[in-house]
Structure formats: C-alpha cells, structure tokens
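Shown here: work.txt, compact mmCIF, C-alpha atoms.
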```txt
# COMPACT_ATOMS: atom_id res chain seq x y z
CA MET J 1 -32.79 -61.72 -47.23
CA ILE J 2 -33.24 -58.57 -49.31
CA ASP J 3 -35.17 -58.14 -52.56
CA ILE J 4 -35.33 -55.08 -54.80
CA ASP J 5 -38.99 -54.09 -55.13
CA TYR J 6 -40.46 -54.13 -58.65
CA PHE J 7 -37.09 -54.92 -60.19
CA LYS J 8 -38.62 -56.53 -63.29
CA LYS J 9 -40.57 -53.33 -63.95
CA TYR J 10 -37.30 -51.40 -63.55
CA ASN J 11 -35.52 -53.62 -66.08
CA ASP J 12 -38.45 -53.36 -68.49
CA LYS J 13 -38.42 -49.54 -68.30
CA TYR J 14 -34.70 -48.73 -68.06
CA GLY J 15 -33.03 -51.82 -69.57
CA HIS J 16 -30.88 -54.61 -68.22
CA LEU J 17 -27.66 -52.57 -68.19
CA LYS J 18 -29.27 -50.04 -65.86
CA GLY J 19 -30.66 -52.97 -63.84
CA ASP J 20 -27.14 -54.36 -63.51
CA GLU J 21 -25.99 -50.95 -62.25
CA ILE J 22 -28.70 -51.07 -59.57
CA LEU J 23 -27.62 -54.56 -58.51
CA THR J 24 -24.04 -53.32 -58.21
CA LYS J 25 -25.04 -50.22 -56.20
CA ILE J 26 -27.21 -52.24 -53.80
CA GLY J 27 -24.46 -54.86 -53.43
CA GLU J 28 -21.88 -52.18 -52.63
CA LEU J 29 -24.24 -50.57 -50.14
CA LEU J 30 -24.84 -53.90 -48.38
CA ASN J 31 -21.11 -54.61 -48.24
CA GLU J 32 -20.56 -51.16 -46.72
CA ILE J 33 -23.26 -51.64 -44.08
CA ALA J 34 -22.39 -55.27 -43.25
CA TYR J 35 -18.62 -54.93 -43.62
CA LYS J 36 -18.02 -56.99 -40.46
CA HIS J 37 -20.31 -59.74 -41.71
CA MET J 38 -21.14 -61.19 -45.12
CA ALA J 39 -23.33 -59.83 -47.91
CA ILE J 40 -23.86 -61.88 -51.06
CA ARG J 41 -26.05 -61.82 -54.13
CA TYR J 42 -28.40 -64.74 -53.66
CA GLY J 43 -29.86 -64.74 -57.17
CA GLY J 44 -31.76 -62.43 -59.49
CA GLU J 45 -32.46 -59.29 -57.50
CA GLU J 46 -32.10 -60.98 -54.12
CA PHE J 47 -29.28 -60.57 -51.63
CA LEU J 48 -28.46 -62.34 -48.42
CA VAL J 49 -26.76 -60.66 -45.47
CA LEU J 50 -25.41 -63.04 -42.84
CA LEU J 51 -24.94 -61.40 -39.45
CA LYS J 52 -23.14 -63.25 -36.69
CA ASP J 53 -22.90 -62.59 -32.97
CA ILE J 54 -25.14 -59.53 -32.83
CA THR J 55 -28.23 -58.71 -30.81
CA TYR J 56 -31.78 -58.52 -32.07
CA LYS J 57 -31.63 -54.73 -31.61
CA GLU J 58 -28.50 -54.52 -33.77
CA THR J 59 -30.18 -56.66 -36.44
CA ILE J 60 -33.15 -54.28 -36.59
CA GLU J 61 -30.81 -51.26 -36.68
CA ILE J 62 -29.02 -52.77 -39.70
CA ALA J 63 -32.36 -53.47 -41.44
CA ASN J 64 -33.44 -49.87 -40.89
CA GLU J 65 -30.07 -48.60 -42.08
CA ILE J 66 -30.44 -50.63 -45.28
CA LEU J 67 -33.93 -49.24 -45.91
CA ASN J 68 -32.78 -45.67 -45.22
CA LYS J 69 -29.59 -45.85 -47.29
CA VAL J 70 -31.41 -47.38 -50.27
CA ASP J 71 -33.87 -44.50 -49.99
CA ASP J 72 -30.95 -42.06 -49.80
CA LEU J 73 -29.59 -43.44 -53.10
CA ASN J 74 -32.62 -41.70 -54.64
CA ILE J 75 -32.60 -43.90 -57.75
CA GLU J 76 -35.52 -43.04 -60.03
CA HIS J 77 -38.08 -45.82 -60.64
CA GLU J 78 -40.99 -44.31 -62.57
CA THR J 79 -42.82 -47.63 -63.01
CA SER J 80 -42.90 -48.60 -59.34
CA PRO J 81 -46.48 -48.56 -58.04
CA LEU J 82 -45.01 -48.07 -54.56
CA ASN J 83 -42.66 -45.14 -54.90
CA SER J 84 -40.94 -43.09 -57.57
CA LYS J 85 -37.57 -44.56 -56.61
CA ILE J 86 -35.89 -47.89 -55.90
CA THR J 87 -36.87 -49.56 -52.62
CA VAL J 88 -36.13 -52.93 -51.03
CA SER J 89 -37.97 -55.41 -48.85
CA ILE J 90 -36.21 -57.37 -46.13
CA GLY J 91 -36.93 -60.72 -44.49
CA ILE J 92 -35.14 -61.32 -41.20
CA ALA J 93 -34.71 -64.67 -39.47
CA THR J 94 -32.73 -65.06 -36.26
CA GLY J 95 -31.76 -68.10 -34.26
CA GLU J 96 -29.06 -70.14 -32.61
CA GLN J 97 -27.68 -72.12 -35.55
CA GLU J 98 -24.48 -73.08 -33.73
CA LYS J 99 -26.54 -75.61 -31.76
CA SER J 100 -28.31 -77.26 -34.69
CA GLY J 101 -26.29 -76.26 -37.73
CA ASP J 102 -29.58 -75.97 -39.64
CA TYR J 103 -28.79 -72.95 -41.79
CA ASN J 104 -31.29 -74.11 -44.44
CA LYS J 105 -34.15 -73.50 -42.00
CA LEU J 106 -32.77 -70.06 -41.23
CA VAL J 107 -32.66 -69.17 -44.95
CA ASP J 108 -36.16 -70.62 -45.45
CA ASP J 109 -37.47 -68.51 -42.58
CA ALA J 110 -35.78 -65.39 -43.98
CA ASP J 111 -37.43 -66.13 -47.32
CA LYS J 112 -40.84 -66.48 -45.62
CA ALA J 113 -40.28 -63.20 -43.79
CA LEU J 114 -39.30 -61.54 -47.09
CA TYR J 115 -42.49 -62.83 -48.71
CA MET J 116 -44.51 -61.36 -45.82
CA ALA J 117 -42.70 -58.01 -46.14
CA LYS J 118 -43.54 -57.89 -49.84
CA LYS J 119 -47.14 -58.99 -49.23
CA ASN J 120 -47.57 -56.30 -46.57
CA GLY J 121 -46.63 -53.40 -48.81
CA LYS J 122 -42.91 -53.73 -49.59
CA ASN J 123 -40.21 -51.22 -48.56
CA ARG J 124 -40.10 -52.71 -45.05
CA TYR J 125 -38.71 -55.58 -43.02
CA ILE J 126 -40.44 -58.50 -41.30
CA HIS J 127 -38.73 -60.65 -38.66
CA ILE J 128 -39.22 -64.37 -37.92
CA LYS J 129 -37.59 -65.95 -34.87
CA ASN J 130 -36.06 -69.31 -35.80
CA MET J 131 -36.48 -71.77 -32.94
CA CYS J 132 -33.53 -74.09 -33.68
```
Reformat the file's structure so that it appears as structure tokens.
Amino acid sequence: MIDIDYFKKYNDKYGHLKGDEILTKIGELLNEIAYKHMAIRYGGEEFLVLLKDITYKETIEIANEILNKVDDLNIEHETSPLNSKITVSIGIATGEQEKSGDYNKLVDDADKALYMAKKNGKNRYIHIKNMC
C-alpha cells in the first residue's frame, strides 16, 4: 500500500488539478514498475500494488525502486514539512494467501505497515509478515 505524503497540503497549496496530475504521474510510475503485476488506485491518494510469486528480496527491491523513482520525479512540494518535493510512504505485507484466501488480512496488514511508515517519518517502507 502506497500513500503520497502530505497530499492534502499539496492540494491546498497547488490546487486539485495539480493534485490530480500528481495522482496520474504516481499511478503511471507504479504501472511502469509493477508492469508484471497489478497497481491500482485504492482511494484518495492511496495506491495498492499486488505482487505475486516474487521473493521477499524482490519485494523490497520494488519498494526501494518506487521510493527512488518518486524522488527522481523531483515534483516540487513547498508545504511538505518532510522534504521540498513529493514523497511516498509504503506499507508492505507478505504472506501465503493461496492457502487461506484471506486477502482482507493482507490488505489490513499492509495498511498497518503503511501507518507505521508514516508514523516513523514518512518517505520509507515498513514490512509486516502475514502469517496466513
């Protein structure tokens, strides 16, 4: 799960049309990075990237690639207390859902991990192992 840091402040400063442009750019970037998987807008300024049949190491590499490529976009964000440009926070949950089919728990765990990433300073990822 991915959330754009301080997105409300961005919208307040630059307007909703510019905010929509950011959502589009981040969505395109996620589709480019996760082209073999699935990237969707989950609501508001949140996105969900579903990765299947990859290792933990590959998951972390994708998270780092997302953080780095968002940074490389170099989109100005004057009102961010964190940085002068757009950043994202990422919550990662991994598990064996084929056995249980409990994807709701996986999404809940990704949301908890995202909350922890934001609480711990934003512009980072946190991982939770789902024990399904």
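The smallest atom-to-atom distance between His127 (chain J) and any of J:Thr94, J:Ser80, J:Asn104, J:Asn64, using all atoms listed in the file, is found for J:Thr94.
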Shortest interatomic distance to Asp53 (chain J) - which of J:Ile22, J:Lys13, J:Glu96, J:Ser84, counting all atoms listed in the file: J:Glu96
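Distances here use all atoms listed in the file; by that measure, the residue among J:Val88, J:Leu29, J:Tyr42, J:Lys36 closest to Ile54 (chain J) is J:Lys36.
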If we count all atoms listed in the file and set the cut-off at 10 Å, which residues sit around Ile33 (chain J), ignoring sequence neighbours fewer than 3 positions away in its own chain? Please answer as a PyMOL selection string. chain J and resi 27-30+36-39+49+62-63+65-66+69
Using CA of Leu114 (chain J) and CA of Thr24 (chain J) as the two end points, give the distance in Å to one decimal. 20.6 Å
Please measure the separation of CA of Met1 (chain J) and CA of Ala113 (chain J), giving the value in Å to one decimal. 8.4 Å
Within 9 Å of (-36.7, -56.2, -46.5), only C-alpha atoms: residues as a PyMOL selection string? chain J and resi 1-4+63+66-67+88-92+113-114+117-118+122-126
Rank nothing, just name the residue among J:Asp12, J:Tyr103, J:Asp5, J:Tyr56 nearest to Tyr115 (chain J), using all atoms listed in the file.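 For Tyr115 (chain J), the nearest of the candidates is J:Asp5.
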Mind giving me the straight-line distance from CA of Tyr6 (chain J) to CA of Glu61 (chain J) in Å, one decimal? 24.2 Å
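Among the candidates J:His16, J:Lys85, J:Lys105, J:Lys9, the one nearest to Val70 (chain J) when counting all atoms listed in the file is J:Lys85.
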Nearest candidate to Gly95 (chain J) (options J:Asp20, J:Lys119, J:Asp72, J:Val107; using only C-alpha atoms):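 That would be J:Val107, the residue with the smallest distance to Gly95 (chain J).
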For the point (-38.3, -45.3, -51.0) in the file's frame, write as a list of chain:residue names all residues with an atom no more than 6 Å away, counting all atoms listed in the file. J:Asp71, J:Asn83, J:Lys85, J:Thr87
